[in-house]
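Asks: So that we are looking at the same thing, I have put the structure below in structure tokens.
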Amino acid sequence: MADTAIVLQKQRDIQSQEEWTRLTREFLASMDVALSSKATYERQLRQFLSWMDETARLEKLASREFEQQDILAYKQSLLDQGLSVYTINSYLSVVRKLFEWLEAMKIYPNIARVKGLQKPRGYRKEPLSKEQLREILDSLDRSGLDGLRDYAMINLMARTGLRDVEVSRAMVSDIRQKSGKPVLWVQGKGRDAKDDFVLLTPEAEKPVRAYLKARGKLQENAPVFCSHSDRNKGQALTTRSISRIVKESFRDVGLDSKQLTAHSLRHTAITLSILGGASLHQAQAMARHSSSDTTLIYFHNLDRVEAGAEQFIAF
């Protein structure tokens with residue numbers, strides 16, 4: 001009887017938007033994931049809750065009439081917004097996790113067993129050619145701190161495959177020696193510690209050292225790349241700022257495409273390493289891909305272009 005009373009109380013807890021919000025917070029608190037992931041899930045669930053409120057589906061939820069067709073309607077609303085396949089799948093994933101939890105807690109049946117969208121083959125962003133990369137770097141004015149920073153950062157990302165979040169997290173103390181060679185220790189995507197590194201070749205390290213020297217004496221916990229504006233002076237560049245700086249540098253040389261973003265520099269590094277002769281194992285280690293299948297996509301795409309059967313067609 002006591003268990004039944006608890007279940008009934010939990011089921012009543014879904015009667016209002018405030019209680020629904022409380023439930024989603026309880027769900028998030030139960031997740032054993034990084035704080036950054038929780039923040040993403042929370043934002044996505046707020047969007048889901050807002051959609052339910054706008055479409056009067058909270059009332060259906062309270063009367064226990066909310067069903068799989070409503071989840072499909074949410075999926076369609078995401079499609080109607082023109083969001084990418086990856087964004088839509090991410091939004092649907094957290095909703096699926098939520099209803100799995102609700103069912104496990106005996107609060108609501110899992111009616112969110114809906115398929116995500118099929119991911120496109122290959123990768124989302126295009127790499128730069130050597131000529132495009134050189135044009136971008138040559139266009140940067142290195143007479144001031146901002147220019148020194150932007151050159152060092154873009155050059156580093158194109159030579160190591162660093163993600164924008166890894167650049168944002170980099171501190172001066174992360175630049176060290178390993179087996180007698182300079183490396184930068186990084187906290188990768190979804191990682192809780194700086195447990196991997198990228199090799200700093202002389203071409204990658206020299207501009208970074210020049211930029212750091214221009215900033216004067218720095219503490220070890222100072223960010224490698226920081227803001228020089230009066231408002232945020234000395235603070236680490238955010239991923240948004242990094243993306244903006246990179247995108248603006250592309251536009252300044254006439255490269256303005258949705259397929260060319262800060263992430264393109266990562267694709268550029270991996271692609272150029274393979275074209276330069278890196279093996280699958282070497283490219284995977286630099287990219288820090290957990291699976292070699294991800295790295296193989298780059299090899300396959302290059303092979304497809306270089307050895308395309310279309311070249312043998314003649315009329």
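By convention here, the chains of the structure tokens are called A, B, ... in the order presented, each chain's residues are numbered starting at 1, and ligands are numbered starting at 1 in the order presented.
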So that I can check the secondary structure, give me every residue of range 72-267 of chain A assigned helix (DSSP H, G or I) by backbone DSSP, as a tab-separated table (two decimals) with C-alpha atoms, in the first residue's frame.

Replies:
```tsv
chain	number	residue	atom	x	y	z
A	72	LEU	CA	6.60	12.83	-33.32
A	73	ALA	CA	4.94	16.25	-33.53
A	74	TYR	CA	7.87	17.70	-31.56
A	75	LYS	CA	10.27	16.03	-33.96
A	76	GLN	CA	8.42	17.63	-36.87
A	77	SER	CA	8.55	21.05	-35.19
A	78	LEU	CA	12.34	20.74	-35.00
A	79	LEU	CA	12.44	19.84	-38.69
A	80	ASP	CA	10.25	22.84	-39.52
A	85	VAL	CA	20.26	16.57	-38.40
A	86	TYR	CA	22.77	16.55	-35.55
A	87	THR	CA	20.91	19.24	-33.58
A	88	ILE	CA	17.56	17.51	-34.01
A	89	ASN	CA	18.97	14.16	-32.94
A	90	SER	CA	20.54	15.79	-29.90
A	91	TYR	CA	17.18	17.32	-28.85
A	92	LEU	CA	15.38	14.02	-29.37
A	93	SER	CA	18.03	12.09	-27.46
A	94	VAL	CA	17.55	14.01	-24.23
A	95	VAL	CA	13.77	13.65	-24.50
A	96	ARG	CA	14.19	9.89	-24.91
A	97	LYS	CA	16.46	9.78	-21.86
A	98	LEU	CA	13.92	11.78	-19.86
A	99	PHE	CA	11.05	9.42	-20.59
A	100	GLU	CA	13.24	6.39	-19.91
A	101	TRP	CA	13.87	7.88	-16.48
A	102	LEU	CA	10.19	8.74	-15.94
A	103	GLU	CA	9.25	5.15	-16.70
A	104	ALA	CA	11.96	3.79	-14.40
A	130	LYS	CA	46.98	24.72	-48.09
A	131	GLU	CA	46.57	27.78	-50.30
A	132	GLN	CA	43.43	28.96	-48.49
A	133	LEU	CA	45.04	28.45	-45.09
A	134	ARG	CA	48.15	30.38	-46.10
A	135	GLU	CA	46.01	33.23	-47.46
A	136	ILE	CA	44.10	33.45	-44.17
A	137	LEU	CA	47.25	33.50	-42.05
A	138	ASP	CA	48.98	36.03	-44.32
A	139	SER	CA	45.99	38.37	-44.04
A	145	LEU	CA	48.22	41.58	-29.39
A	146	ASP	CA	44.93	40.64	-31.05
A	147	GLY	CA	46.65	39.87	-34.34
A	148	LEU	CA	49.44	37.89	-32.66
A	149	ARG	CA	46.81	35.90	-30.78
A	150	ASP	CA	44.61	35.23	-33.78
A	151	TYR	CA	47.56	34.12	-35.91
A	152	ALA	CA	48.94	31.83	-33.21
A	153	MET	CA	45.53	30.34	-32.46
A	154	ILE	CA	44.40	29.67	-36.03
A	155	ASN	CA	47.84	28.34	-36.96
A	156	LEU	CA	47.82	26.06	-33.90
A	157	MET	CA	44.34	24.69	-34.63
A	158	ALA	CA	45.27	23.98	-38.25
A	159	ARG	CA	48.45	22.16	-37.23
A	160	THR	CA	47.10	20.09	-34.32
A	164	ASP	CA	37.53	25.27	-30.01
A	165	VAL	CA	36.65	24.02	-26.50
A	166	GLU	CA	40.16	22.59	-26.12
A	167	VAL	CA	41.66	25.91	-27.17
A	168	SER	CA	39.45	27.74	-24.69
A	169	ARG	CA	40.56	25.46	-21.83
A	172	VAL	CA	50.12	28.24	-19.93
A	173	SER	CA	51.01	25.34	-17.61
A	174	ASP	CA	49.63	22.90	-20.19
A	202	PRO	CA	58.28	24.30	-34.27
A	203	GLU	CA	55.82	25.81	-36.78
A	204	ALA	CA	52.98	25.48	-34.26
A	205	GLU	CA	54.90	26.46	-31.12
A	206	LYS	CA	56.83	29.53	-32.32
A	207	PRO	CA	53.79	31.82	-32.93
A	208	VAL	CA	52.27	30.77	-29.58
A	209	ARG	CA	55.52	31.59	-27.76
A	210	ALA	CA	55.72	34.96	-29.54
A	211	TYR	CA	52.19	35.82	-28.47
A	212	LEU	CA	52.76	34.76	-24.85
A	213	LYS	CA	56.01	36.75	-24.71
A	214	ALA	CA	54.20	39.85	-25.96
A	239	THR	CA	34.25	28.98	-27.66
A	240	ARG	CA	31.87	31.55	-29.13
A	241	SER	CA	34.65	34.14	-29.37
A	242	ILE	CA	37.01	31.60	-30.94
A	243	SER	CA	34.37	30.66	-33.53
A	244	ARG	CA	33.73	34.33	-34.30
A	245	ILE	CA	37.43	35.18	-34.69
A	246	VAL	CA	38.02	32.24	-37.01
A	247	LYS	CA	34.89	32.91	-39.06
A	248	GLU	CA	35.82	36.58	-39.48
A	249	SER	CA	39.30	35.63	-40.65
A	250	PHE	CA	37.72	33.39	-43.30
A	251	ARG	CA	35.36	36.13	-44.46
A	262	ALA	CA	36.30	26.97	-36.73
A	263	HIS	CA	35.77	23.21	-36.87
A	264	SER	CA	37.07	23.28	-40.44
A	265	LEU	CA	40.52	23.90	-39.00
A	266	ARG	CA	40.32	20.53	-37.24
A	267	HIS	CA	39.31	18.85	-40.50
```

Asks: If DSSP is run on the backbone, what residues of range 84-304 of chain A are strand (DSSP E or B)? A reply as a PyMOL selection string would be ideal.

Replies: chain A and resi 171+175-178+181-186+196-199+223+226+236

Asks: Pick out the closest residue to Lys189 in chain A from this set: A:Ser36, A:Thr21, A:Ser30, A:Ser129. Count only C-alpha atoms.

Replies: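 The closest residue to Lys189 in chain A is A:Ser36.
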
Asks: Just give me the gap between CA of Arg176 in chain A and CA of Leu35 in chain A in Å, one decimal is fine.

Replies: 27.3 Å

Asks: Which residue out of A:Val224, A:Leu272, A:Leu117, A:Leu58 has the minimum interatomic distance to Leu302 in chain A when only C-alpha atoms are used?

Replies: A:Leu272
